[in-house]
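Asks: You'll find query-v5.csv just under this line, and it carries CSV, C-alpha atoms.
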chain,number,residue,atom,x,y,z
E,1,MET,CA,-101.1,-76.6,-166.8
E,2,THR,CA,-97.8,-74.9,-167.1
E,3,ASP,CA,-97.0,-71.2,-167.5
E,4,PRO,CA,-96.9,-70.2,-171.2
E,5,LEU,CA,-94.0,-67.9,-170.5
E,6,ALA,CA,-91.8,-70.6,-169.0
E,7,GLY,CA,-88.2,-70.7,-170.1
E,8,PRO,CA,-84.9,-72.1,-168.8
E,9,ALA,CA,-83.4,-70.2,-165.8
E,10,ALA,CA,-80.7,-67.8,-166.7
E,11,ALA,CA,-78.5,-68.6,-163.7
E,12,LEU,CA,-79.2,-71.4,-161.3
E,13,PRO,CA,-77.5,-72.5,-158.1
E,14,ALA,CA,-75.3,-75.5,-158.3
E,15,GLY,CA,-77.1,-78.8,-158.2
E,16,PRO,CA,-78.2,-81.7,-160.4
E,17,VAL,CA,-80.2,-80.8,-163.5
E,18,GLU,CA,-82.5,-83.2,-165.2
E,19,LYS,CA,-82.5,-83.6,-169.0
E,20,LEU,CA,-85.7,-82.2,-170.4
E,21,ASP,CA,-87.8,-84.0,-173.0
E,22,PRO,CA,-86.4,-82.8,-176.4
E,23,SER,CA,-89.8,-81.4,-177.5
E,24,VAL,CA,-90.1,-79.4,-174.3
E,25,ALA,CA,-86.5,-78.2,-174.7
E,26,ARG,CA,-87.1,-77.1,-178.3
E,27,TRP,CA,-90.2,-75.2,-177.2
E,28,LEU,CA,-88.4,-73.4,-174.4
E,29,ASP,CA,-85.6,-72.2,-176.7
E,30,ASP,CA,-87.7,-71.4,-179.6
E,31,GLU,CA,-88.0,-67.9,-181.1
E,32,PRO,CA,-91.1,-68.2,-183.1
E,33,ALA,CA,-91.3,-66.8,-186.7
E,34,GLY,CA,-94.2,-65.0,-188.2
E,35,GLU,CA,-95.9,-62.3,-186.1
E,36,GLY,CA,-93.4,-62.7,-183.3
E,37,ALA,CA,-90.3,-62.6,-185.5
E,38,LEU,CA,-87.8,-59.8,-185.2
E,39,LEU,CA,-88.8,-56.6,-186.9
E,40,THR,CA,-85.2,-56.1,-188.1
E,41,PRO,CA,-82.5,-58.8,-188.4
E,42,ALA,CA,-80.0,-58.9,-185.5
E,43,PRO,CA,-76.5,-57.9,-186.5
E,44,ALA,CA,-73.8,-60.5,-186.1
E,45,SER,CA,-71.6,-58.7,-183.5
E,46,ALA,CA,-72.5,-57.0,-180.3
E,47,ASP,CA,-71.0,-53.7,-181.6
E,48,SER,CA,-73.0,-53.8,-184.8
E,49,TYR,CA,-76.1,-54.8,-182.9
E,50,ALA,CA,-75.7,-51.8,-180.6
E,51,GLU,CA,-75.1,-49.4,-183.5
E,52,ALA,CA,-78.1,-50.7,-185.4
E,53,LEU,CA,-80.3,-50.4,-182.3
E,54,ALA,CA,-79.1,-46.8,-181.7
E,55,LYS,CA,-79.8,-45.9,-185.3
E,56,GLU,CA,-83.3,-47.4,-185.1
E,57,GLU,CA,-84.1,-45.5,-181.9
E,58,ALA,CA,-82.7,-42.3,-183.2
E,59,ALA,CA,-84.9,-42.6,-186.4
E,60,ALA,CA,-87.9,-43.2,-184.2
E,61,GLY,CA,-87.1,-40.2,-182.0
E,62,MET,CA,-86.4,-42.4,-178.9
E,63,LEU,CA,-84.0,-41.6,-176.1
E,64,SER,CA,-80.5,-43.1,-176.1
E,65,ARG,CA,-79.5,-45.6,-173.4
E,66,LYS,CA,-77.5,-42.8,-171.7
E,67,GLU,CA,-80.5,-40.5,-171.8
E,68,ARG,CA,-82.8,-43.3,-170.5
E,69,GLU,CA,-80.5,-44.0,-167.6
E,70,THR,CA,-80.4,-40.3,-166.8
E,71,LYS,CA,-84.2,-40.0,-166.9
E,72,HIS,CA,-85.1,-43.3,-165.3
E,73,GLY,CA,-82.1,-44.2,-163.3
E,74,ALA,CA,-79.5,-46.9,-164.1
E,75,GLU,CA,-81.5,-49.3,-161.9
E,76,ALA,CA,-84.7,-49.3,-164.1
E,77,ALA,CA,-86.1,-52.8,-164.2
E,78,ILE,CA,-88.4,-51.9,-167.2
E,79,GLU,CA,-88.0,-49.1,-169.7
E,80,VAL,CA,-90.7,-48.4,-172.2
E,81,GLU,CA,-90.3,-45.9,-175.0
E,82,LYS,CA,-93.2,-45.0,-177.3
E,83,LEU,CA,-94.5,-48.5,-177.3
E,84,THR,CA,-97.4,-48.9,-179.7
E,85,LYS,CA,-99.7,-51.9,-180.7
E,86,ARG,CA,-102.3,-51.7,-183.4
E,87,PHE,CA,-104.8,-54.3,-184.4
E,88,GLY,CA,-105.8,-53.2,-187.9
E,89,SER,CA,-107.2,-49.7,-187.5
E,90,ALA,CA,-107.6,-50.0,-183.7
E,91,VAL,CA,-104.8,-48.7,-181.5
E,92,ALA,CA,-104.7,-50.7,-178.3
E,93,VAL,CA,-101.5,-49.2,-176.9
E,94,ASP,CA,-100.6,-45.7,-178.2
E,95,ALA,CA,-97.0,-44.6,-177.9
E,96,ILE,CA,-96.7,-45.3,-174.2
E,97,SER,CA,-93.5,-44.4,-172.3
E,98,PHE,CA,-92.7,-45.1,-168.6
E,99,SER,CA,-90.3,-46.9,-166.4
E,100,VAL,CA,-90.4,-49.3,-163.5
E,101,ARG,CA,-87.6,-49.0,-161.0
E,102,THR,CA,-85.9,-52.0,-159.5
E,103,GLY,CA,-87.6,-53.0,-156.2
E,104,GLU,CA,-90.8,-51.0,-156.7
E,105,THR,CA,-94.4,-52.1,-157.2
E,106,TYR,CA,-95.9,-50.4,-160.2
E,107,GLY,CA,-99.7,-50.4,-160.8
E,108,LEU,CA,-101.6,-50.2,-164.0
E,109,LEU,CA,-105.2,-49.0,-163.6
E,110,GLY,CA,-107.8,-48.4,-166.2
E,111,PRO,CA,-111.3,-49.2,-167.3
E,112,ASN,CA,-112.1,-52.2,-169.5
E,113,GLY,CA,-110.5,-51.7,-172.9
E,114,ALA,CA,-107.9,-49.2,-171.7
E,115,GLY,CA,-105.0,-51.3,-173.0
E,116,LYS,CA,-103.7,-52.8,-169.8
E,117,THR,CA,-103.8,-56.4,-170.9
E,118,THR,CA,-102.3,-55.7,-174.3
E,119,LEU,CA,-99.5,-53.7,-172.6
E,120,ILE,CA,-98.7,-56.6,-170.3
E,121,ARG,CA,-98.7,-59.1,-173.2
E,122,LEU,CA,-96.2,-56.8,-175.0
E,123,LEU,CA,-93.9,-56.6,-172.0
E,124,THR,CA,-94.1,-60.4,-171.4
E,125,THR,CA,-93.3,-61.1,-175.1
E,126,LEU,CA,-96.6,-62.7,-175.9
E,127,LEU,CA,-97.3,-60.0,-178.5
E,128,PRO,CA,-94.9,-58.1,-180.8
E,129,PRO,CA,-95.1,-54.3,-180.8
E,130,THR,CA,-96.1,-52.4,-183.9
E,131,SER,CA,-93.6,-49.7,-183.1
E,132,GLY,CA,-91.5,-48.4,-180.2
E,133,THR,CA,-89.5,-50.5,-177.8
E,134,ALA,CA,-89.3,-51.8,-174.3
E,135,ARG,CA,-86.5,-53.4,-172.2
E,136,VAL,CA,-87.1,-55.8,-169.4
E,137,GLN,CA,-83.9,-56.1,-167.3
E,138,ARG,CA,-82.2,-54.5,-170.2
E,139,HIS,CA,-83.3,-57.2,-172.6
E,140,ASP,CA,-85.2,-56.0,-175.7
E,141,ILE,CA,-88.7,-57.5,-175.9
E,142,ARG,CA,-88.2,-58.2,-179.6
E,143,ARG,CA,-84.7,-59.4,-179.8
E,144,GLY,CA,-84.2,-60.9,-176.4
E,145,ARG,CA,-87.5,-62.7,-175.8
E,146,SER,CA,-85.9,-65.8,-174.2
E,147,ALA,CA,-83.9,-63.6,-171.8
E,148,VAL,CA,-87.0,-61.6,-170.9
E,149,ARG,CA,-89.0,-64.8,-170.2
E,150,ARG,CA,-86.2,-66.0,-167.9
E,151,ALA,CA,-86.2,-62.8,-166.0
E,152,ILE,CA,-90.0,-62.6,-165.3
E,153,GLY,CA,-92.7,-64.5,-163.4
E,154,THR,CA,-96.4,-64.2,-164.2
E,155,VAL,CA,-99.5,-64.7,-162.1
E,156,SER,CA,-102.6,-64.5,-164.4
E,157,GLN,CA,-106.2,-63.8,-163.3
E,158,ALA,CA,-107.1,-67.3,-164.6
E,159,VAL,CA,-106.4,-70.4,-162.6
E,160,THR,CA,-103.6,-72.2,-164.4
E,161,THR,CA,-102.6,-74.8,-161.8
E,162,ASP,CA,-103.5,-78.4,-162.6
E,163,GLU,CA,-106.3,-79.2,-160.2
E,164,ASN,CA,-105.6,-83.0,-160.4
E,165,LEU,CA,-102.0,-82.6,-159.2
E,166,THR,CA,-100.9,-82.1,-155.6
E,167,VAL,CA,-99.6,-78.7,-154.5
E,168,ARG,CA,-96.0,-80.0,-154.6
E,169,GLU,CA,-96.5,-81.7,-158.0
E,170,ASN,CA,-97.7,-78.4,-159.5
E,171,LEU,CA,-94.5,-76.7,-158.4
E,172,SER,CA,-92.4,-79.6,-159.5
E,173,VAL,CA,-93.7,-79.4,-163.1
E,174,GLN,CA,-93.2,-75.7,-163.2
E,175,GLY,CA,-89.7,-76.0,-161.9
E,176,LYS,CA,-88.7,-78.5,-164.5
E,177,MET,CA,-89.9,-76.2,-167.2
E,178,TYR,CA,-87.3,-73.8,-165.9
E,179,GLY,CA,-84.5,-76.4,-165.8
E,180,LEU,CA,-84.7,-76.8,-162.0
E,181,ALA,CA,-84.3,-80.4,-160.6
E,182,GLY,CA,-83.0,-82.4,-157.7
E,183,LYS,CA,-82.0,-80.7,-154.5
E,184,THR,CA,-82.2,-77.2,-156.1
E,185,LEU,CA,-85.8,-77.8,-157.1
E,186,ALA,CA,-86.7,-79.4,-153.7
E,187,THR,CA,-85.2,-76.4,-151.8
E,188,ARG,CA,-87.1,-73.9,-154.0
E,189,ILE,CA,-90.4,-75.7,-153.6
E,190,GLU,CA,-90.1,-75.8,-149.8
E,191,ARG,CA,-89.1,-72.1,-149.6
E,192,ARG,CA,-92.0,-70.9,-151.8
E,193,LEU,CA,-94.6,-73.1,-150.1
E,194,ARG,CA,-93.5,-71.9,-146.7
E,195,GLU,CA,-93.7,-68.3,-147.9
E,196,VAL,CA,-97.3,-68.7,-149.1
E,197,GLY,CA,-98.3,-70.8,-146.1
E,198,LEU,CA,-98.9,-74.0,-148.0
E,199,TRP,CA,-96.0,-76.2,-146.8
E,200,GLU,CA,-98.3,-78.3,-144.6
E,201,ARG,CA,-100.6,-78.9,-147.6
E,202,GLN,CA,-97.9,-79.9,-150.1
E,203,GLY,CA,-99.5,-83.3,-150.6
E,204,GLN,CA,-103.1,-82.0,-151.0
E,205,ILE,CA,-104.8,-82.2,-154.4
E,206,ALA,CA,-105.1,-78.7,-155.8
E,207,LYS,CA,-108.8,-78.9,-156.5
E,208,GLU,CA,-109.4,-79.5,-152.8
E,209,LEU,CA,-107.9,-76.1,-151.9
E,210,SER,CA,-110.0,-73.0,-151.1
E,211,GLY,CA,-110.0,-70.1,-153.5
E,212,GLY,CA,-107.5,-68.2,-151.4
E,213,MET,CA,-105.1,-71.1,-151.1
E,214,ARG,CA,-105.4,-71.8,-154.8
E,215,ARG,CA,-104.4,-68.2,-155.5
E,216,ARG,CA,-101.4,-68.5,-153.2
E,217,LEU,CA,-100.4,-71.6,-155.1
E,218,GLU,CA,-100.5,-69.6,-158.3
E,219,ILE,CA,-98.2,-67.0,-156.8
E,220,ALA,CA,-95.8,-69.7,-155.5
E,221,ARG,CA,-95.6,-71.0,-159.1
E,222,GLY,CA,-95.0,-67.5,-160.4
E,223,VAL,CA,-92.0,-66.9,-158.2
E,224,LEU,CA,-90.6,-70.4,-158.0
E,225,HIS,CA,-87.7,-69.6,-160.3
E,226,SER,CA,-86.8,-66.4,-158.4
E,227,PRO,CA,-87.8,-63.9,-161.1
E,228,GLN,CA,-86.5,-60.4,-161.1
E,229,ILE,CA,-89.8,-59.0,-162.2
E,230,LEU,CA,-93.3,-60.4,-161.3
E,231,PHE,CA,-96.4,-59.5,-163.4
E,232,LEU,CA,-99.6,-59.8,-161.4
E,233,ASP,CA,-102.9,-59.7,-163.2
E,234,GLU,CA,-105.8,-59.1,-160.8
E,235,PRO,CA,-104.2,-61.3,-158.2
E,236,THR,CA,-107.0,-61.2,-155.6
E,237,THR,CA,-110.1,-61.1,-157.8
E,238,GLY,CA,-113.0,-63.1,-156.2
E,239,LEU,CA,-111.3,-63.6,-152.8
E,240,ASP,CA,-112.8,-62.8,-149.5
E,241,PRO,CA,-111.4,-59.8,-147.5
E,242,GLN,CA,-109.3,-62.0,-145.2
E,243,SER,CA,-107.7,-63.8,-148.1
E,244,ARG,CA,-107.1,-60.6,-150.0
E,245,ARG,CA,-105.3,-59.0,-146.9
E,246,ALA,CA,-103.3,-62.2,-146.4
E,247,ILE,CA,-102.0,-62.0,-150.0
E,248,TRP,CA,-101.2,-58.3,-149.7
E,249,GLU,CA,-99.1,-59.1,-146.6
E,250,MET,CA,-97.5,-62.0,-148.4
E,251,PHE,CA,-96.3,-59.7,-151.2
E,252,GLY,CA,-94.9,-57.4,-148.5
E,253,ASP,CA,-93.0,-60.3,-147.0
E,254,MET,CA,-91.6,-61.3,-150.4
E,255,LYS,CA,-90.4,-57.7,-151.1
E,256,ALA,CA,-88.8,-57.6,-147.7
E,257,ALA,CA,-87.0,-60.9,-148.4
E,258,ASN,CA,-86.0,-59.7,-151.9
E,259,PRO,CA,-85.8,-55.9,-152.0
E,260,LYS,CA,-84.8,-56.0,-155.7
E,261,LEU,CA,-88.0,-57.8,-156.8
E,262,SER,CA,-90.1,-55.5,-159.0
E,263,ILE,CA,-93.8,-56.1,-159.3
E,264,VAL,CA,-96.1,-54.9,-162.1
E,265,LEU,CA,-99.8,-55.1,-160.9
E,266,THR,CA,-103.0,-54.7,-162.8
E,267,THR,CA,-106.1,-54.3,-160.7
E,268,HIS,CA,-109.5,-52.8,-160.6
E,269,ALA,CA,-109.4,-52.7,-156.8
E,270,MET,CA,-108.5,-49.1,-155.8
E,271,ASP,CA,-107.8,-50.1,-152.2
E,272,GLU,CA,-105.4,-52.8,-153.4
E,273,ALA,CA,-103.5,-50.3,-155.6
E,274,ASP,CA,-103.4,-47.8,-152.8
E,275,TYR,CA,-102.0,-50.4,-150.4
E,276,LEU,CA,-99.5,-52.1,-152.6
E,277,CYS,CA,-98.2,-49.7,-155.2
E,278,ASP,CA,-95.2,-47.4,-154.8
E,279,ARG,CA,-96.3,-45.7,-158.1
E,280,LEU,CA,-99.1,-46.2,-160.5
E,281,ALA,CA,-100.4,-45.1,-163.9
E,282,ILE,CA,-104.0,-44.7,-165.0
E,283,LEU,CA,-104.6,-45.7,-168.6
E,284,ASP,CA,-107.4,-45.1,-171.0
E,285,GLY,CA,-107.6,-45.3,-174.7
E,286,GLY,CA,-104.2,-46.9,-174.8
E,287,ARG,CA,-102.5,-43.9,-173.3
E,288,ILE,CA,-101.2,-43.0,-169.8
E,289,LEU,CA,-103.4,-40.2,-168.4
E,290,CYS,CA,-101.5,-39.7,-165.2
E,291,GLU,CA,-98.7,-41.3,-163.2
E,292,GLY,CA,-97.3,-40.9,-159.7
E,293,THR,CA,-97.5,-42.2,-156.2
E,294,PRO,CA,-101.0,-42.8,-154.9
E,295,GLU,CA,-100.7,-39.9,-152.4
E,296,SER,CA,-99.3,-37.4,-155.0
E,297,LEU,CA,-102.2,-38.3,-157.4
E,298,LYS,CA,-104.7,-37.7,-154.7
E,299,ARG,CA,-103.1,-34.4,-153.6
E,300,GLY,CA,-102.9,-33.3,-157.2
E,301,LEU,CA,-106.7,-33.2,-157.7
E,302,GLU,CA,-108.2,-29.7,-157.4
E,303,THR,CA,-111.0,-31.3,-155.6
E,304,GLY,CA,-108.8,-33.0,-153.0
E,305,GLU,CA,-111.3,-33.2,-150.1
E,306,ARG,CA,-114.6,-35.1,-149.8
E,307,VAL,CA,-117.3,-33.6,-147.6
E,308,GLU,CA,-120.5,-35.2,-146.4
E,309,ILE,CA,-123.1,-33.2,-144.4
E,310,GLU,CA,-126.2,-34.8,-142.9
E,311,THR,CA,-128.9,-32.5,-141.5
E,312,ASP,CA,-132.1,-33.0,-139.4
E,313,ARG,CA,-134.4,-32.3,-142.4
E,314,ASP,CA,-134.4,-32.2,-146.2
E,315,ILE,CA,-132.1,-29.6,-147.7
E,316,SER,CA,-134.0,-27.2,-150.0
E,317,PRO,CA,-132.9,-26.4,-153.5
E,318,ALA,CA,-132.1,-22.8,-152.5
E,319,ASP,CA,-129.9,-23.9,-149.6
E,320,ARG,CA,-128.1,-26.4,-151.9
E,321,GLU,CA,-127.4,-23.5,-154.2
E,322,ALA,CA,-126.0,-21.6,-151.3
E,323,VAL,CA,-123.5,-24.4,-150.6
E,324,LEU,CA,-122.5,-24.5,-154.3
E,325,THR,CA,-121.7,-20.8,-154.3
E,326,LEU,CA,-119.0,-21.5,-151.6
E,327,GLY,CA,-117.0,-23.5,-154.2
E,328,ALA,CA,-118.4,-27.0,-153.7
E,329,ARG,CA,-117.9,-29.3,-156.7
E,330,ASN,CA,-119.5,-32.5,-157.9
E,331,PHE,CA,-122.4,-31.9,-155.6
E,332,ARG,CA,-124.8,-34.8,-155.1
E,333,SER,CA,-127.7,-35.7,-152.7
E,334,PRO,CA,-127.8,-39.5,-152.0
E,335,ALA,CA,-130.7,-38.7,-149.7
E,336,PRO,CA,-132.8,-35.5,-149.3
E,337,ALA,CA,-131.1,-34.6,-146.0
E,338,VAL,CA,-127.6,-35.4,-147.1
E,339,ALA,CA,-125.2,-33.3,-149.1
E,340,GLU,CA,-122.0,-34.8,-150.6
E,341,PHE,CA,-119.5,-32.8,-152.6
E,342,GLN,CA,-115.8,-32.2,-153.1
E,343,SER,CA,-113.7,-29.1,-152.4
E,344,GLN,CA,-110.2,-27.8,-152.8
E,345,PRO,CA,-108.0,-28.6,-149.7
E,346,GLY,CA,-107.2,-25.7,-147.5
E,347,GLU,CA,-110.3,-23.6,-148.3
E,348,ALA,CA,-112.4,-24.9,-145.4
E,349,ILE,CA,-115.4,-25.2,-147.6
E,350,GLY,CA,-116.8,-28.1,-145.7
E,351,ARG,CA,-116.9,-26.3,-142.4
E,352,ARG,CA,-118.2,-23.1,-144.1
E,353,ALA,CA,-121.0,-25.1,-145.7
E,354,ALA,CA,-122.0,-26.6,-142.4
E,355,GLN,CA,-122.1,-23.2,-140.9
E,356,VAL,CA,-124.2,-21.8,-143.7
E,357,LEU,CA,-126.8,-24.6,-143.2
E,358,GLU,CA,-126.9,-24.0,-139.4
E,359,GLU,CA,-127.4,-20.3,-140.0
E,360,ARG,CA,-130.4,-21.2,-142.2
E,361,GLY,CA,-132.0,-23.2,-139.4
E,362,TYR,CA,-130.7,-26.7,-140.0
E,363,ARG,CA,-129.2,-28.9,-137.3
E,364,VAL,CA,-126.1,-30.6,-138.6
E,365,LEU,CA,-126.2,-34.3,-137.4
E,366,HIS,CA,-123.0,-35.5,-139.1
E,367,LEU,CA,-120.1,-33.8,-140.8
E,368,THR,CA,-117.2,-35.7,-142.5
E,369,ILE,CA,-114.3,-34.0,-144.2
E,370,ALA,CA,-111.7,-36.5,-145.6
E,371,PRO,CA,-109.1,-36.6,-148.4
E,372,VAL,CA,-110.3,-38.0,-151.7
E,373,THR,CA,-109.6,-41.6,-152.5
E,374,LEU,CA,-107.8,-43.2,-155.4
E,375,GLU,CA,-111.2,-44.1,-156.8
E,376,ASP,CA,-111.9,-40.3,-157.0
E,377,VAL,CA,-108.7,-39.8,-159.0
E,378,PHE,CA,-109.6,-42.7,-161.3
E,379,PHE,CA,-113.0,-41.3,-162.0
E,380,SER,CA,-111.7,-37.8,-162.5
E,381,TYR,CA,-109.5,-39.0,-165.4
E,382,THR,CA,-111.7,-41.8,-166.9
E,383,GLY,CA,-115.2,-40.7,-166.1
E,384,ARG,CA,-118.0,-42.7,-164.6
E,385,ALA,CA,-119.7,-44.0,-167.8
E,386,LEU,CA,-119.8,-47.8,-168.2
E,387,ARG,CA,-117.5,-49.1,-171.0
E,388,GLU,CA,-117.8,-52.1,-173.3
E,389,SER,CA,-115.0,-54.6,-172.6
Show me the file's structure as structure tokens.

Replies:
Amino acid sequence: MTDPLAGPAAALPAGPVEKLDPSVARWLDDEPAGEGALLTPAPASADSYAEALAKEEAAAGMLSRKERETKHGAEAAIEVEKLTKRFGSAVAVDAISFSVRTGETYGLLGPNGAGKTTLIRLLTTLLPPTSGTARVQRHDIRRGRSAVRRAIGTVSQAVTTDENLTVRENLSVQGKMYGLAGKTLATRIERRLREVGLWERQGQIAKELSGGMRRRLEIARGVLHSPQILFLDEPTTGLDPQSRRAIWEMFGDMKAANPKLSIVLTTHAMDEADYLCDRLAILDGGRILCEGTPESLKRGLETGERVEIETDRDISPADREAVLTLGARNFRSPAPAVAEFQSQPGEAIGRRAAQVLEERGYRVLHLTIAPVTLEDVFFSYTGRALRES
């Protein structure tokens, strides 16, 4: 199965190019009508196009290009301004604005139904926006869909490789969809398979690969055409810890080899987001609740420390109340002799709580004081209640 976002490469190295089947060529170049049609006709000239776009943005209260570059930096890979998507009366994406810098890994976190998938589908041109705008490598997602598709690579959560083709054949089919052929295609295939550690398995049937290897093959397909931006949807779901770590390190190697590669990552794994992301946003209800580096978000919580105290006997209700009066927050007792809570950094509430318990006749067996995790940040903004997907 080939990538639904496939399009001809914008600029390819010199080399022989095979002629595509006419039906495939028409599909690649097509700008579908109907729901995906332009919201306003494109003016004939570049000048009139720019003027019309400026007027449209001004009418919508959006920033001008100069203002965007001042705010986001001229090297923004993705610029999103008040992007909105409605399905009838339901608002899936609600006037979201953010940017992704060239070369950074940007994470999108949120509970089921938060709007992550819809946002990705908007940015990859699979859905038209209701209002607002976004630019991917400076190409408008409505007017420049073909250019956007040439600039991006995608790795979906679903397995999309053809299980009956060999590893090499899967990449060959993908490459031809992007106009790659001959020596150019062969060179790209070897390079990507070596990067993901599958070069020695190029002749193996895909269905014979392990889960981790199959995922690495998906990633090789996604970056075969050397995209400027890579969209990753839950890239390590279902993998064992060793395979997950190997893929994390592989992304690091790819970024080191191509410092301008930007990655947009959706994940439910907080440790994955913490390890991979330069910046991230937490979404819920179609809106961005917070944005920043993982460390800045953790430090920004008022309850920035986690404390766990284990004693030699059950902690009485009166003694738990004494701990709470010190300023402990989100107190819970996973076991009768264990107290867990959060506190504000710098106030030494954890040590003071242990001292209070010792003064009341308890022997402290275990005391842990650690910074909060990204999971704590996530729950502080989205809550802990289960959601319907």

Asks: Given the choices E:Ala147, E:Ala339, E:Val167, E:Ala348, which gets closest to Gly327 of chain E if the distance is worked out from all atoms listed in the file?

Replies: E:Ala348

Asks: Using atom CA of Tyr275 of chain E and atom CA of Phe231 of chain E as the two end points, give the distance in Å to one decimal.

Replies: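 A separation of 16.8 Å between them.
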
Asks: Within 12 Å of Leu324 of chain E, counting all atoms listed in the file, which residues qualify if same-chain residues fewer than 6 places away don't, as a list in words?

Replies: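 The contact residues come out as Pro317, Ala318, Asn330, Phe331, Arg332, Ala339, Glu340, Phe341, Gln342, Ser343, Ile349, Gly350, Arg352, Ala353, Val356 and Leu357 of chain E.
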
Asks: Which polymer residues have any atom within 6 Å of an atom of segment 86-95 of chain E, counting all atoms listed in the file, with same-chain residues fewer than 3 positions away left out, as a ChimeraX atom specification?

Replies: /E:82-83,115,286-287

Asks: Which distance in Å separates atom CA of Ala354 of chain E and atom CA of Arg299 of chain E, to one decimal?

Replies: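 Atom-to-atom, atom CA of Ala354 of chain E to atom CA of Arg299 of chain E, that is 23.3 Å.
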
Asks: Compare E:Arg142, E:Asp312, E:Asp233, E:Pro111 by their minimum atom-to-atom distance to His366 of chain E, counting only C-alpha atoms, and give me the closest one.

Replies: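 Among the listed residues, the smallest separation from His366 of chain E belongs to E:Asp312.
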
Asks: What is the distance between atom CA of Glu308 of chain E and atom CA of Val338 of chain E, in Å to one decimal?

Replies: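 Atom-to-atom, atom CA of Glu308 of chain E to atom CA of Val338 of chain E, that is 7.1 Å.
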
Asks: Per residue of segment 63-171 of chain E within 12 Å of segment 379-384 of chain E, which atom pair is closest and at what distance in Å (one decimal), using all atoms listed in the file, listed by chain and increasing number, as a Markdown table?

Replies:
| residue | atom | partner | partner_atom | distance |
| --- | --- | --- | --- | --- |
| E:Leu109 | CA | E:Thr382 | CA | 10.2 |
| E:Gly110 | CA | E:Thr382 | CA | 7.7 |
| E:Pro111 | CA | E:Thr382 | CA | 7.4 |
| E:Asn112 | CA | E:Thr382 | CA | 10.7 |
| E:Gly113 | CA | E:Thr382 | CA | 11.6 |
| E:Ala114 | CA | E:Thr382 | CA | 9.6 |

Asks: Would you please work out which residue, of E:Gly197, E:Thr84, E:Pro294, E:Ile205, is nearest to Ile247 of chain E when using all atoms listed in the file?

Replies: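 Answer, going by the shortest atom-to-atom distance: E:Gly197.
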
Asks: Hey, which of E:Leu326, E:Arg138, E:Ser131, E:Tyr362 ends up closest to Glu75 of chain E? Count all atoms listed in the file.

Replies: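 Closest to Glu75 of chain E, using all atoms listed in the file: E:Arg138.
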
Asks: Have a look at E:Ala181, E:Val264, E:Ala186, E:Leu193 and name the one nearest to Thr117 of chain E; count all atoms listed in the file.

Replies: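 Smallest distance to Thr117 of chain E is found for E:Val264.
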
Asks: Closest to Leu239 of chain E among E:Leu171, E:Leu122, E:Ala206, E:Ala269, using only C-alpha atoms?

Replies: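 So, comparing all the options, the nearest one is E:Ala269.
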
Asks: Identify the residues around (-85.5, -60.5, -150.5) within a radius of 12 Å, measuring from all atoms listed in the file in the coordinates stated by the file, and give them as a list in words.

Replies: Gly103, Glu195, Val223, Ser226, Pro227, Gln228, Phe251, Gly252, Asp253, Met254, Lys255, Ala256, Ala257, Asn258, Pro259, Lys260, Leu261 and Ser262 of chain E

Asks: For Val155 of chain E, list every protein, DNA or RNA residue within 10 Å, evaluated using only C-alpha atoms, and leave out those in the same chain fewer than 5 positions away; present the list as a PyMOL selection string.

Replies: chain E and resi 3+160+215-223+230-235+265

Asks: Write out as a PyMOL selection string which residues come within 10 Å of Arg101 of chain E when counting all atoms listed in the file, dropping same-chain ones fewer than 2 positions away.

Replies: chain E and resi 72-79+98-99+103-106+260-263+278-279

Asks: Produce segment 130-138 of chain E of the given structure as output with N, CA and C atoms, as a PDB file, in the first residue's frame.

Replies:
ATOM      1  N   THR E 130     -11.983  24.931   8.071  1.00  0.00           N
ATOM      2  CA  THR E 130     -13.201  25.741   8.038  1.00  0.00           C
ATOM      3  C   THR E 130     -12.836  27.214   7.976  1.00  0.00           C
ATOM      4  N   SER E 131     -11.815  27.592   8.746  1.00  0.00           N
ATOM      5  CA  SER E 131     -11.313  28.967   8.714  1.00  0.00           C
ATOM      6  C   SER E 131      -9.886  28.973   9.227  1.00  0.00           C
ATOM      7  N   GLY E 132      -9.254  30.133   9.139  1.00  0.00           N
ATOM      8  CA  GLY E 132      -7.854  30.231   9.527  1.00  0.00           C
ATOM      9  C   GLY E 132      -6.947  29.728   8.425  1.00  0.00           C
ATOM     10  N   THR E 133      -5.667  29.693   8.714  1.00  0.00           N
ATOM     11  CA  THR E 133      -4.713  29.275   7.687  1.00  0.00           C
ATOM     12  C   THR E 133      -3.507  28.610   8.330  1.00  0.00           C
ATOM     13  N   ALA E 134      -2.754  27.901   7.516  1.00  0.00           N
ATOM     14  CA  ALA E 134      -1.485  27.307   7.939  1.00  0.00           C
ATOM     15  C   ALA E 134      -0.585  27.228   6.727  1.00  0.00           C
ATOM     16  N   ARG E 135       0.719  27.355   6.973  1.00  0.00           N
ATOM     17  CA  ARG E 135       1.703  27.240   5.918  1.00  0.00           C
ATOM     18  C   ARG E 135       2.728  26.195   6.314  1.00  0.00           C
ATOM     19  N   VAL E 136       3.007  25.312   5.392  1.00  0.00           N
ATOM     20  CA  VAL E 136       4.007  24.277   5.582  1.00  0.00           C
ATOM     21  C   VAL E 136       5.111  24.547   4.571  1.00  0.00           C
ATOM     22  N   GLN E 137       6.310  24.848   5.085  1.00  0.00           N
ATOM     23  CA  GLN E 137       7.410  25.298   4.223  1.00  0.00           C
ATOM     24  C   GLN E 137       6.948  26.466   3.335  1.00  0.00           C
ATOM     25  N   ARG E 138       6.166  27.360   3.937  1.00  0.00           N
ATOM     26  CA  ARG E 138       5.646  28.569   3.295  1.00  0.00           C
ATOM     27  C   ARG E 138       4.616  28.304   2.208  1.00  0.00           C
TER      28      ARG E 138
END
